[in-house]
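J.: Got data.tsv for you, TSV, C-alpha atoms:
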chain	number	residue	atom	x	y	z
H	117	MET	CA	8.14	-29.55	64.89
H	118	ALA	CA	10.55	-26.62	64.97
H	119	SER	CA	8.69	-23.33	64.63
H	120	GLN	CA	9.14	-19.68	65.48
H	121	TYR	CA	5.94	-20.01	67.55
H	122	LEU	CA	7.15	-22.80	69.83
H	123	LYS	CA	9.53	-21.09	72.23
H	124	ALA	CA	11.28	-23.33	74.72
H	125	ASP	CA	11.01	-20.99	77.72
H	126	VAL	CA	7.25	-20.51	77.30
H	127	LEU	CA	6.64	-24.22	76.70
H	128	ALA	CA	8.68	-25.31	79.72
H	129	ARG	CA	6.74	-23.14	82.17
H	130	ALA	CA	3.34	-23.83	80.62
H	131	GLU	CA	3.83	-27.60	80.33
H	132	ALA	CA	4.61	-27.87	84.03
H	133	LEU	CA	1.12	-26.52	84.80
H	134	GLY	CA	-1.02	-28.00	82.01
H	135	ILE	CA	-4.58	-27.15	81.05
H	136	LYS	CA	-7.28	-28.96	82.99
H	137	ALA	CA	-10.98	-28.64	82.27
H	138	ARG	CA	-12.64	-26.92	85.23
H	139	GLN	CA	-16.11	-28.21	84.41
H	140	ILE	CA	-17.70	-31.33	82.96
H	141	VAL	CA	-16.70	-32.08	79.37
H	142	GLU	CA	-17.69	-34.73	76.86
H	143	GLY	CA	-14.91	-36.92	75.51
H	144	LEU	CA	-14.51	-39.89	73.24
H	145	ARG	CA	-12.14	-41.89	75.40
H	146	VAL	CA	-10.91	-42.19	78.97
H	147	GLY	CA	-8.70	-39.30	79.98
H	148	ASP	CA	-8.12	-36.81	82.80
H	149	HIS	CA	-11.25	-34.63	82.92
H	150	LYS	CA	-14.75	-34.99	84.37
H	151	SER	CA	-17.34	-36.53	82.07
H	152	PRO	CA	-21.14	-36.11	82.25
H	153	PHE	CA	-21.55	-39.84	81.73
H	154	ARG	CA	-21.79	-42.27	84.65
H	155	GLY	CA	-19.74	-45.45	84.61
H	156	PHE	CA	-18.09	-47.97	86.89
H	157	SER	CA	-14.56	-46.65	87.11
H	158	VAL	CA	-12.35	-43.98	88.66
H	159	GLU	CA	-14.20	-41.85	91.26
H	160	PHE	CA	-17.22	-42.84	93.40
H	161	VAL	CA	-20.19	-40.44	93.08
H	162	GLN	CA	-23.37	-42.01	94.50
H	163	HIS	CA	-25.55	-45.07	95.02
H	164	ARG	CA	-28.68	-45.85	93.00
H	165	GLU	CA	-31.31	-48.55	93.23
H	166	TYR	CA	-30.54	-51.85	91.51
H	167	VAL	CA	-32.77	-52.54	88.49
H	168	PRO	CA	-33.07	-55.81	86.56
H	169	GLY	CA	-30.37	-55.96	83.92
H	170	ASP	CA	-27.67	-54.26	86.03
H	171	ASP	CA	-24.39	-56.14	86.40
H	172	ILE	CA	-24.55	-57.80	89.84
H	173	ARG	CA	-20.80	-57.31	90.18
H	174	HIS	CA	-21.50	-53.65	90.94
H	175	ILE	CA	-23.94	-54.29	93.81
H	176	ASP	CA	-22.74	-52.75	97.07
H	177	TRP	CA	-23.04	-55.74	99.42
H	178	LYS	CA	-21.99	-53.74	102.48
H	179	SER	CA	-24.86	-51.35	101.85
H	180	TYR	CA	-27.19	-54.33	101.41
H	181	GLY	CA	-26.07	-55.69	104.78
H	182	ARG	CA	-27.11	-52.42	106.44
H	183	SER	CA	-30.34	-51.70	104.57
H	184	GLU	CA	-31.33	-55.01	102.94
H	185	ARG	CA	-31.81	-53.08	99.70
H	186	TYR	CA	-29.88	-53.74	96.53
H	187	THR	CA	-27.95	-50.66	95.41
H	188	ILE	CA	-25.40	-50.04	92.69
H	189	LYS	CA	-22.27	-47.95	93.16
H	190	GLN	CA	-21.93	-45.26	90.48
H	191	TYR	CA	-18.64	-43.70	89.52
H	192	GLU	CA	-17.82	-40.66	87.43
H	193	GLN	CA	-15.84	-41.43	84.33
H	194	GLU	CA	-12.98	-39.28	83.28
H	195	THR	CA	-12.49	-38.26	79.69
H	196	ASN	CA	-10.42	-36.26	77.26
H	197	PHE	CA	-11.58	-32.82	76.16
H	198	ALA	CA	-11.80	-31.05	72.82
H	199	CYS	CA	-10.20	-27.62	72.81
H	200	HIS	CA	-11.27	-25.13	70.15
H	201	ILE	CA	-9.05	-22.10	69.53
H	202	LEU	CA	-10.72	-19.19	67.73
H	203	LEU	CA	-8.07	-16.82	66.37
H	204	ASP	CA	-8.87	-13.30	65.16
H	205	ALA	CA	-6.82	-12.49	62.04
H	206	SER	CA	-8.51	-9.20	61.13
H	207	LYS	CA	-6.48	-6.15	60.13
H	208	SER	CA	-6.74	-4.49	63.53
H	209	MET	CA	-4.67	-7.39	64.91
H	210	GLN	CA	-1.63	-6.27	62.91
H	211	TYR	CA	-0.97	-3.31	65.23
H	212	GLY	CA	2.39	-3.29	67.00
H	213	GLU	CA	5.93	-4.16	66.04
H	214	GLY	CA	8.06	-7.23	66.72
H	215	ASP	CA	7.01	-9.36	69.67
H	216	SER	CA	4.34	-6.83	70.68
H	217	ASN	CA	2.44	-7.18	67.39
H	218	LYS	CA	-1.02	-8.37	68.40
H	219	LEU	CA	-1.39	-11.04	65.72
H	220	GLU	CA	2.10	-12.44	66.32
H	221	TYR	CA	1.42	-12.52	70.06
H	222	ALA	CA	-1.90	-14.29	69.41
H	223	LYS	CA	-0.19	-16.81	67.12
H	224	LEU	CA	2.39	-17.58	69.80
H	225	LEU	CA	-0.38	-18.15	72.36
H	226	THR	CA	-2.27	-20.37	69.89
H	227	ALA	CA	0.83	-22.48	69.22
H	228	VAL	CA	1.62	-22.98	72.91
H	229	ILE	CA	-1.96	-23.94	73.84
H	230	SER	CA	-2.16	-26.33	70.88
H	231	TYR	CA	1.07	-28.07	71.80
H	232	LEU	CA	0.11	-28.22	75.47
H	233	VAL	CA	-3.30	-29.75	74.79
H	234	VAL	CA	-2.00	-32.46	72.45
H	235	ARG	CA	0.91	-33.30	74.76
H	236	GLN	CA	-1.59	-34.15	77.51
H	237	ARG	CA	-3.51	-36.41	75.07
H	238	ASP	CA	-6.44	-34.06	74.48
H	239	SER	CA	-7.74	-32.75	71.15
H	240	VAL	CA	-7.29	-29.28	69.68
H	241	GLY	CA	-8.90	-27.54	66.71
H	242	LEU	CA	-8.30	-24.13	65.15
H	243	TYR	CA	-10.70	-21.58	63.66
H	244	VAL	CA	-9.24	-18.48	61.99
H	245	PHE	CA	-11.63	-15.61	61.34
H	246	ASP	CA	-12.02	-11.91	60.54
H	247	GLN	CA	-15.51	-10.90	59.42
H	248	LYS	CA	-15.90	-14.44	58.10
H	249	LEU	CA	-14.55	-17.87	58.95
H	250	ARG	CA	-11.35	-18.28	56.92
H	251	ILE	CA	-9.85	-21.56	58.19
H	252	LYS	CA	-11.31	-24.49	60.11
H	253	LEU	CA	-9.15	-27.33	61.40
H	254	PRO	CA	-11.35	-29.89	63.24
H	255	ALA	CA	-10.13	-31.02	66.64
H	256	SER	CA	-7.57	-33.84	66.72
H	257	SER	CA	-5.20	-35.27	69.33
H	258	SER	CA	-2.52	-36.25	66.81
H	259	LEU	CA	0.92	-34.65	66.89
H	260	VAL	CA	0.43	-34.11	63.17
H	261	GLN	CA	-2.31	-31.65	64.16
H	262	VAL	CA	0.24	-29.46	65.94
H	263	ASN	CA	2.40	-29.35	62.82
H	264	THR	CA	-0.66	-28.45	60.73
H	265	ILE	CA	-1.57	-25.64	63.12
H	266	LEU	CA	2.00	-24.32	63.14
H	267	ARG	CA	2.12	-24.24	59.33
H	268	THR	CA	-1.24	-22.51	59.27
H	269	LEU	CA	-0.05	-19.87	61.74
H	270	GLU	CA	3.05	-19.16	59.70
H	271	GLU	CA	0.94	-18.53	56.58
H	272	ILE	CA	-1.78	-16.33	58.11
H	273	GLU	CA	-1.84	-12.68	57.09
H	274	PRO	CA	-4.34	-10.17	58.52
H	275	ASP	CA	-7.32	-9.38	56.32
H	276	GLU	CA	-10.74	-7.69	56.48
H	277	LYS	CA	-12.33	-6.19	59.58
H	278	THR	CA	-13.57	-7.78	62.80
H	279	GLU	CA	-17.13	-9.09	63.11
H	280	ILE	CA	-17.08	-11.64	65.87
H	281	GLY	CA	-20.54	-12.13	67.32
H	282	PRO	CA	-22.38	-13.83	64.42
H	283	LEU	CA	-19.33	-16.00	63.72
H	284	LEU	CA	-19.27	-17.28	67.29
H	285	GLU	CA	-22.92	-18.26	66.99
H	286	GLN	CA	-22.11	-20.05	63.72
H	287	ILE	CA	-19.17	-21.88	65.26
H	288	ALA	CA	-21.29	-22.84	68.29
H	289	GLU	CA	-23.58	-24.77	65.95
H	290	THR	CA	-20.66	-26.97	64.84
H	291	THR	CA	-19.02	-27.57	68.25
H	292	ARG	CA	-21.76	-29.19	70.28
H	293	ARG	CA	-19.59	-31.61	72.24
H	294	ARG	CA	-18.82	-29.80	75.48
H	295	GLY	CA	-15.19	-28.75	75.79
H	296	LEU	CA	-12.92	-25.73	76.06
H	297	VAL	CA	-13.14	-22.69	73.78
H	298	PHE	CA	-10.39	-20.06	73.70
H	299	VAL	CA	-11.22	-16.89	71.76
H	300	ILE	CA	-8.06	-14.87	71.03
H	301	SER	CA	-8.96	-11.42	69.74
H	302	ASP	CA	-8.65	-7.68	70.27
H	303	ALA	CA	-12.47	-7.74	70.32
H	304	PHE	CA	-12.81	-4.52	68.35
H	305	ASP	CA	-16.50	-5.02	67.71
H	306	GLU	CA	-19.83	-4.01	69.21
H	307	VAL	CA	-19.94	-5.43	72.73
H	308	GLU	CA	-23.48	-6.82	72.82
H	309	PRO	CA	-23.25	-8.94	69.61
H	310	LEU	CA	-19.86	-10.21	70.81
H	311	LEU	CA	-21.29	-11.19	74.19
H	312	LYS	CA	-24.26	-12.84	72.47
H	313	GLY	CA	-21.85	-15.02	70.48
H	314	LEU	CA	-19.84	-15.93	73.57
H	315	ARG	CA	-23.06	-16.78	75.42
H	316	ALA	CA	-24.07	-19.10	72.57
H	317	LEU	CA	-20.94	-21.14	73.29
H	318	ARG	CA	-21.59	-21.09	77.05
H	319	TYR	CA	-25.22	-22.18	76.49
H	320	LEU	CA	-23.93	-25.39	74.90
H	321	GLY	CA	-21.87	-26.11	78.02
H	322	HIS	CA	-18.45	-25.05	76.77
H	323	GLU	CA	-15.92	-23.55	79.14
H	324	VAL	CA	-15.21	-20.26	77.36
H	325	THR	CA	-12.19	-17.98	77.76
H	326	LEU	CA	-11.75	-14.65	75.99
H	327	PHE	CA	-8.09	-13.68	75.67
H	328	HIS	CA	-8.53	-9.96	75.05
H	329	THR	CA	-5.32	-9.16	73.17
H	330	LEU	CA	-4.38	-5.48	73.32
H	331	HIS	CA	-1.30	-3.33	72.75
H	332	SER	CA	-0.21	-0.94	75.51
H	333	ASP	CA	-0.74	1.99	73.11
H	334	GLU	CA	-4.43	1.10	72.93
H	335	LEU	CA	-4.69	0.91	76.70
H	336	ASN	CA	-2.74	4.08	77.52
H	337	PHE	CA	-2.77	6.29	74.38
H	338	PRO	CA	0.76	7.64	75.10
H	339	PHE	CA	1.09	9.72	71.90
H	340	SER	CA	2.17	13.34	71.65
H	341	GLY	CA	2.94	15.96	69.03
H	342	ASN	CA	1.07	16.35	65.74
H	343	LEU	CA	0.21	12.92	64.37
H	344	LYS	CA	-1.70	11.23	61.59
H	345	PHE	CA	-3.57	8.04	62.49
H	346	ASP	CA	-4.28	5.55	59.68
H	347	GLY	CA	-7.25	3.23	60.03
H	348	LEU	CA	-6.36	-0.47	59.83
H	349	GLU	CA	-9.84	-1.77	59.08
H	350	ILE	CA	-11.39	1.44	57.75
H	351	PRO	CA	-9.50	3.38	55.02
H	352	GLU	CA	-9.47	6.69	56.88
H	353	GLU	CA	-6.85	9.17	58.09
H	354	ILE	CA	-7.15	11.39	61.15
H	355	LYS	CA	-4.70	14.21	61.79
H	356	THR	CA	-4.77	15.43	65.36
H	357	ARG	CA	-2.85	16.49	68.44
H	358	PRO	CA	-3.19	13.39	70.66
H	359	HIS	CA	-3.11	15.21	74.00
H	360	LEU	CA	-6.34	16.99	73.03
H	361	ILE	CA	-8.31	13.79	72.46
H	362	ARG	CA	-6.60	11.55	75.04
H	363	PRO	CA	-9.12	12.17	77.92
H	364	ASN	CA	-12.12	11.34	75.72
H	365	TYR	CA	-10.36	8.36	74.15
H	366	LEU	CA	-9.52	6.86	77.55
H	367	ARG	CA	-13.02	7.50	78.88
H	368	ILE	CA	-14.66	5.75	75.93
H	369	PHE	CA	-12.12	2.93	75.76
H	370	ASN	CA	-12.27	2.19	79.50
H	371	ALA	CA	-16.08	2.20	79.39
H	372	TYR	CA	-15.90	-0.36	76.57
H	373	LEU	CA	-13.49	-2.53	78.59
H	374	GLU	CA	-15.72	-2.35	81.65
H	375	GLU	CA	-18.85	-3.28	79.68
H	376	LEU	CA	-17.08	-6.24	78.05
H	377	GLN	CA	-15.58	-7.55	81.28
H	378	LYS	CA	-18.83	-7.20	83.23
H	379	GLY	CA	-20.72	-8.99	80.46
H	380	CYS	CA	-18.22	-11.86	80.49
H	381	ASN	CA	-18.35	-12.16	84.28
H	382	ALA	CA	-22.15	-12.19	84.27
H	383	SER	CA	-22.18	-15.08	81.79
H	384	ARG	CA	-19.38	-17.04	83.51
H	385	ILE	CA	-17.00	-16.41	80.62
H	386	ASP	CA	-13.37	-16.21	81.69
H	387	TYR	CA	-12.07	-12.76	80.67
H	388	VAL	CA	-8.27	-12.50	80.41
H	389	GLN	CA	-6.72	-9.24	79.26
H	390	LEU	CA	-3.37	-9.74	77.53
H	391	GLU	CA	-1.10	-6.74	77.02
H	392	THR	CA	1.25	-7.68	74.20
H	393	THR	CA	4.18	-5.69	75.61
H	394	LYS	CA	4.23	-8.14	78.54
H	395	PRO	CA	6.14	-11.34	77.67
H	396	LEU	CA	3.96	-14.42	77.25
H	397	VAL	CA	6.49	-16.45	79.26
H	398	GLU	CA	5.32	-14.45	82.30
H	399	VAL	CA	1.66	-13.94	81.48
H	400	LEU	CA	0.61	-17.47	80.45
H	401	PRO	CA	1.88	-19.26	83.58
H	402	GLN	CA	0.03	-16.72	85.74
H	403	TYR	CA	-3.18	-17.55	83.90
H	404	LEU	CA	-2.60	-21.33	84.16
H	405	VAL	CA	-1.96	-21.05	87.91
H	406	ARG	CA	-5.21	-19.11	88.28
H	407	ARG	CA	-7.03	-21.84	86.32
H	408	LEU	CA	-5.70	-24.47	88.71
H	409	GLN	CA	-6.71	-22.43	91.75
H	410	MET	CA	-10.22	-21.85	90.37
H	411	GLY	CA	-10.50	-25.54	89.55
H	412	ARG	CA	-9.97	-26.41	93.21
H	413	GLY	CA	-12.61	-23.93	94.32
Is it possible to express this structure as structure tokens?

T.:
Amino acid sequence: MASQYLKADVLARAEALGIKARQIVEGLRVGDHKSPFRGFSVEFVQHREYVPGDDIRHIDWKSYGRSERYTIKQYEQETNFACHILLDASKSMQYGEGDSNKLEYAKLLTAVISYLVVRQRDSVGLYVFDQKLRIKLPASSSLVQVNTILRTLEEIEPDEKTEIGPLLEQIAETTRRRGLVFVISDAFDEVEPLLKGLRALRYLGHEVTLFHTLHSDELNFPFSGNLKFDGLEIPEEIKTRPHLIRPNYLRIFNAYLEELQKGCNASRIDYVQLETTKPLVEVLPQYLVRRLQMGRG
């Protein structure tokens, strides 16, 4: 399972924290996460009236002694979850060099989450997209799945432009069993269609996280001198003096970030901004700790 995307320092810190579902999920077997289905195991939830056909072994005789009414103890089953990782492999994701390249950073995050999920006996699937769905690996809990995902990541090259919203709605139609959805993207698309796609996933009961993957240059626009900017998704060149356009760029870009984050918060979508110049070994554990703290809330 050796891969350039499985780095020991990141795995060690992430594995110590794990990824727990913060809300009810639907699983296929007994596991570690809350299930919407009632059973007779694990954690007591409530009493209900006995009805003919119920197993008398589950009658609460102490309650009967107090009320002279037959009641059944109900427990909440625990289950495994299905985790769906949606990876943006459009051309805008190729910005940056070395470890700060957005697509390489996103691949590293995808690999770590995939490994983490399977190691804790849950299922993980991968969707790779640009303006269309390029690759679909259905969720599996097998270690073979991690190897398949790693090979896929190593072969992915950026292509086409970003068009996320309609794709998310399409993917929502094929992932109806409630679970976790991680969207890893620079989200360079119109905000409202993107939010509509994310809401489609939330509407089905998924716990949705948007990892907004950005380079520090995009956040700060630190350029100077006379420069030529080449479009990554649109074949266009712009020659300019960056200090002249920096105020307008930052105003527009920050307004976009604010609109996206507010929209996510309003729809209970977890918005996580990732700056690729910050090492994942520091950023991912911070996010996992926050997940644990929110889960206790």

J.: In Å, how far is it from atom CA of Glu352 of chain H to atom CA of Gln247 of chain H?

T.: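 For atom CA of Glu352 of chain H relative to atom CA of Gln247 of chain H, the distance reads 18.8 Å.
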
J.: Give me the residues near segment 320-326 of chain H as a PyMOL selection string, where near means some atom within 10 Å (using all atoms listed in the file) and where sequence neighbours in that chain fewer than 4 positions away do not count.

T.: chain H and resi 137-142+198-202+288-289+291-303+314-316+377+380+383-390

J.: Residues around (-22.4, -0.8, 63.4), cut-off 10 Å, counting all atoms listed in the file - what are they as a list in words?

T.: Glu279, Asp305 and Glu306 of chain H

J.: Would you kindly return, as a PyMOL selection string, each protein, DNA or RNA residue with an atom no farther than 9 Å from any atom of Arg235 of chain H, considering all atoms listed in the file and excluding same-chain residues fewer than 2 positions away?

T.: chain H and resi 131+230-233+237-238+257+259

J.: If we count all atoms listed in the file, what is near Glu213 of chain H at a cut-off of 12 Å, once residues fewer than 5 positions away on the same chain are taken out, given as a VMD selection string?

T.: chain H and resid 218 to 221 331 to 333 392 to 393

J.: I need the residues from that last selection saved to file as a PDB file, in the frame of the given file (with C-alpha atoms), if you can.

T.:
ATOM      1  CA  LYS H 218      -1.020  -8.370  68.400  1.00  0.00           C
ATOM      2  CA  LEU H 219      -1.390 -11.040  65.720  1.00  0.00           C
ATOM      3  CA  GLU H 220       2.100 -12.440  66.320  1.00  0.00           C
ATOM      4  CA  TYR H 221       1.420 -12.520  70.060  1.00  0.00           C
ATOM      5  CA  HIS H 331      -1.300  -3.330  72.750  1.00  0.00           C
ATOM      6  CA  SER H 332      -0.210  -0.940  75.510  1.00  0.00           C
ATOM      7  CA  ASP H 333      -0.740   1.990  73.110  1.00  0.00           C
ATOM      8  CA  THR H 392       1.250  -7.680  74.200  1.00  0.00           C
ATOM      9  CA  THR H 393       4.180  -5.690  75.610  1.00  0.00           C
TER      10      THR H 393
END

J.: From the list H:Leu396, H:Ile350, H:Val262, H:Leu335, which residue is nearest Tyr372 of chain H when using all atoms listed in the file?

T.: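 Using all atoms listed in the file, Tyr372 of chain H sits closest to H:Leu335.
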
J.: Grab the atom CA of Glu349 of chain H to atom CA of Met209 of chain H distance for me, in Å with one decimal place.

T.: 9.6 Å

J.: Write out as a PDB file with C-alpha atoms, in the coordinates of the input the residues lying within 12 Å of Val260 of chain H, counting only C-alpha atoms and excluding same-chain residues fewer than 3 positions away.

T.:
ATOM      1  CA  MET H 117       8.140 -29.550  64.890  1.00  0.00           C
ATOM      2  CA  SER H 230      -2.160 -26.330  70.880  1.00  0.00           C
ATOM      3  CA  TYR H 231       1.070 -28.070  71.800  1.00  0.00           C
ATOM      4  CA  VAL H 234      -2.000 -32.460  72.450  1.00  0.00           C
ATOM      5  CA  ARG H 235       0.910 -33.300  74.760  1.00  0.00           C
ATOM      6  CA  SER H 239      -7.740 -32.750  71.150  1.00  0.00           C
ATOM      7  CA  VAL H 240      -7.290 -29.280  69.680  1.00  0.00           C
ATOM      8  CA  GLY H 241      -8.900 -27.540  66.710  1.00  0.00           C
ATOM      9  CA  LEU H 253      -9.150 -27.330  61.400  1.00  0.00           C
ATOM     10  CA  ALA H 255     -10.130 -31.020  66.640  1.00  0.00           C
ATOM     11  CA  SER H 256      -7.570 -33.840  66.720  1.00  0.00           C
ATOM     12  CA  SER H 257      -5.200 -35.270  69.330  1.00  0.00           C
ATOM     13  CA  ASN H 263       2.400 -29.350  62.820  1.00  0.00           C
ATOM     14  CA  THR H 264      -0.660 -28.450  60.730  1.00  0.00           C
ATOM     15  CA  ILE H 265      -1.570 -25.640  63.120  1.00  0.00           C
ATOM     16  CA  LEU H 266       2.000 -24.320  63.140  1.00  0.00           C
ATOM     17  CA  ARG H 267       2.120 -24.240  59.330  1.00  0.00           C
TER      18      ARG H 267
END

J.: Which residue is closest to Pro338 of chain H? Choose from H:Ile361, H:Arg407, H:Lys207, H:Pro351 and count all atoms listed in the file.

T.: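 For Pro338 of chain H, the nearest of the candidates is H:Ile361.
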
J.: Using all atoms listed in the file, find the one residue out of H:Thr329, H:Val126, H:Ile251, H:Leu311 that sits nearest to Val397 of chain H.

T.: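 Distance minimum relative to Val397 of chain H lands on H:Val126.
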
J.: Which neighbours of Pro309 of chain H fall inside 8 Å, counting all atoms listed in the file, when residues of the same chain fewer than 6 positions from it are skipped, and could you give them as a PyMOL selection string?

T.: chain H and resi 280-282

J.: Here is a test: counting only C-alpha atoms, which residue of H:Glu285, H:Asn381, H:Leu373, H:Leu133 is nearest to Tyr403 of chain H?

T.: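 The answer is H:Leu133, which sits nearest to Tyr403 of chain H.
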
J.: For the structure just given, write the atoms of segment 317-345 of chain H, namely N, CA and C atoms, as a PDB file, in the first residue's frame.

T.:
ATOM      1  N   LEU H 317     -27.554  17.188  -1.413  1.00  0.00           N
ATOM      2  CA  LEU H 317     -26.950  16.132  -0.596  1.00  0.00           C
ATOM      3  C   LEU H 317     -27.434  16.214   0.849  1.00  0.00           C
ATOM      4  N   ARG H 318     -27.542  17.435   1.382  1.00  0.00           N
ATOM      5  CA  ARG H 318     -28.029  17.595   2.750  1.00  0.00           C
ATOM      6  C   ARG H 318     -29.492  17.151   2.865  1.00  0.00           C
ATOM      7  N   TYR H 319     -30.292  17.432   1.833  1.00  0.00           N
ATOM      8  CA  TYR H 319     -31.711  17.090   1.845  1.00  0.00           C
ATOM      9  C   TYR H 319     -31.911  15.584   2.019  1.00  0.00           C
ATOM     10  N   LEU H 320     -30.975  14.796   1.502  1.00  0.00           N
ATOM     11  CA  LEU H 320     -31.058  13.348   1.622  1.00  0.00           C
ATOM     12  C   LEU H 320     -30.531  12.845   2.965  1.00  0.00           C
ATOM     13  N   GLY H 321     -30.091  13.762   3.817  1.00  0.00           N
ATOM     14  CA  GLY H 321     -29.652  13.377   5.155  1.00  0.00           C
ATOM     15  C   GLY H 321     -28.164  13.165   5.303  1.00  0.00           C
ATOM     16  N   HIS H 322     -27.392  13.422   4.240  1.00  0.00           N
ATOM     17  CA  HIS H 322     -25.945  13.270   4.347  1.00  0.00           C
ATOM     18  C   HIS H 322     -25.344  14.345   5.248  1.00  0.00           C
ATOM     19  N   GLU H 323     -24.269  14.002   5.912  1.00  0.00           N
ATOM     20  CA  GLU H 323     -23.444  14.993   6.594  1.00  0.00           C
ATOM     21  C   GLU H 323     -22.420  15.483   5.568  1.00  0.00           C
ATOM     22  N   VAL H 324     -22.505  16.749   5.185  1.00  0.00           N
ATOM     23  CA  VAL H 324     -21.730  17.267   4.056  1.00  0.00           C
ATOM     24  C   VAL H 324     -20.654  18.231   4.539  1.00  0.00           C
ATOM     25  N   THR H 325     -19.436  18.032   4.046  1.00  0.00           N
ATOM     26  CA  THR H 325     -18.318  18.934   4.321  1.00  0.00           C
ATOM     27  C   THR H 325     -17.730  19.414   3.005  1.00  0.00           C
ATOM     28  N   LEU H 326     -17.569  20.724   2.878  1.00  0.00           N
ATOM     29  CA  LEU H 326     -16.861  21.297   1.732  1.00  0.00           C
ATOM     30  C   LEU H 326     -15.467  21.688   2.174  1.00  0.00           C
ATOM     31  N   PHE H 327     -14.452  20.984   1.652  1.00  0.00           N
ATOM     32  CA  PHE H 327     -13.060  21.379   1.861  1.00  0.00           C
ATOM     33  C   PHE H 327     -12.705  22.352   0.738  1.00  0.00           C
ATOM     34  N   HIS H 328     -12.759  23.632   1.050  1.00  0.00           N
ATOM     35  CA  HIS H 328     -12.496  24.666   0.047  1.00  0.00           C
ATOM     36  C   HIS H 328     -10.986  24.842  -0.088  1.00  0.00           C
ATOM     37  N   THR H 329     -10.432  24.276  -1.143  1.00  0.00           N
ATOM     38  CA  THR H 329      -8.983  24.140  -1.305  1.00  0.00           C
ATOM     39  C   THR H 329      -8.438  25.299  -2.134  1.00  0.00           C
ATOM     40  N   LEU H 330      -7.669  26.184  -1.480  1.00  0.00           N
ATOM     41  CA  LEU H 330      -7.196  27.400  -2.118  1.00  0.00           C
ATOM     42  C   LEU H 330      -5.702  27.600  -1.880  1.00  0.00           C
ATOM     43  N   HIS H 331      -5.043  28.229  -2.846  1.00  0.00           N
ATOM     44  CA  HIS H 331      -3.634  28.596  -2.700  1.00  0.00           C
ATOM     45  C   HIS H 331      -3.557  29.982  -2.065  1.00  0.00           C
ATOM     46  N   SER H 332      -2.494  30.236  -1.318  1.00  0.00           N
ATOM     47  CA  SER H 332      -2.351  31.542  -0.659  1.00  0.00           C
ATOM     48  C   SER H 332      -2.325  32.689  -1.663  1.00  0.00           C
ATOM     49  N   ASP H 333      -1.846  32.446  -2.881  1.00  0.00           N
ATOM     50  CA  ASP H 333      -1.846  33.500  -3.906  1.00  0.00           C
ATOM     51  C   ASP H 333      -3.273  33.943  -4.230  1.00  0.00           C
ATOM     52  N   GLU H 334      -4.194  32.990  -4.236  1.00  0.00           N
ATOM     53  CA  GLU H 334      -5.587  33.316  -4.534  1.00  0.00           C
ATOM     54  C   GLU H 334      -6.235  34.087  -3.396  1.00  0.00           C
ATOM     55  N   LEU H 335      -5.786  33.822  -2.188  1.00  0.00           N
ATOM     56  CA  LEU H 335      -6.351  34.498  -1.026  1.00  0.00           C
ATOM     57  C   LEU H 335      -5.768  35.889  -0.818  1.00  0.00           C
ATOM     58  N   ASN H 336      -4.502  36.078  -1.180  1.00  0.00           N
ATOM     59  CA  ASN H 336      -3.801  37.331  -0.850  1.00  0.00           C
ATOM     60  C   ASN H 336      -3.385  38.178  -2.040  1.00  0.00           C
ATOM     61  N   PHE H 337      -3.315  37.586  -3.230  1.00  0.00           N
ATOM     62  CA  PHE H 337      -2.898  38.276  -4.459  1.00  0.00           C
ATOM     63  C   PHE H 337      -1.606  39.084  -4.226  1.00  0.00           C
ATOM     64  N   PRO H 338      -0.498  38.407  -3.926  1.00  0.00           N
ATOM     65  CA  PRO H 338       0.729  39.096  -3.511  1.00  0.00           C
ATOM     66  C   PRO H 338       1.640  39.530  -4.669  1.00  0.00           C
ATOM     67  N   PHE H 339       1.127  39.621  -5.881  1.00  0.00           N
ATOM     68  CA  PHE H 339       1.957  39.835  -7.066  1.00  0.00           C
ATOM     69  C   PHE H 339       2.345  41.302  -7.221  1.00  0.00           C
ATOM     70  N   SER H 340       3.439  41.513  -7.925  1.00  0.00           N
ATOM     71  CA  SER H 340       3.910  42.873  -8.198  1.00  0.00           C
ATOM     72  C   SER H 340       4.618  42.897  -9.553  1.00  0.00           C
ATOM     73  N   GLY H 341       4.925  44.089 -10.020  1.00  0.00           N
ATOM     74  CA  GLY H 341       5.622  44.232 -11.298  1.00  0.00           C
ATOM     75  C   GLY H 341       4.656  44.221 -12.464  1.00  0.00           C
ATOM     76  N   ASN H 342       5.158  43.962 -13.654  1.00  0.00           N
ATOM     77  CA  ASN H 342       4.331  43.797 -14.851  1.00  0.00           C
ATOM     78  C   ASN H 342       4.224  42.309 -15.148  1.00  0.00           C
ATOM     79  N   LEU H 343       3.009  41.782 -15.109  1.00  0.00           N
ATOM     80  CA  LEU H 343       2.835  40.333 -15.232  1.00  0.00           C
ATOM     81  C   LEU H 343       1.800  39.985 -16.295  1.00  0.00           C
ATOM     82  N   LYS H 344       1.923  38.754 -16.779  1.00  0.00           N
ATOM     83  CA  LYS H 344       0.930  38.178 -17.673  1.00  0.00           C
ATOM     84  C   LYS H 344       0.300  36.988 -16.965  1.00  0.00           C
ATOM     85  N   PHE H 345      -1.026  37.008 -16.845  1.00  0.00           N
ATOM     86  CA  PHE H 345      -1.762  35.912 -16.222  1.00  0.00           C
ATOM     87  C   PHE H 345      -2.378  35.049 -17.318  1.00  0.00           C
TER      88      PHE H 345
END
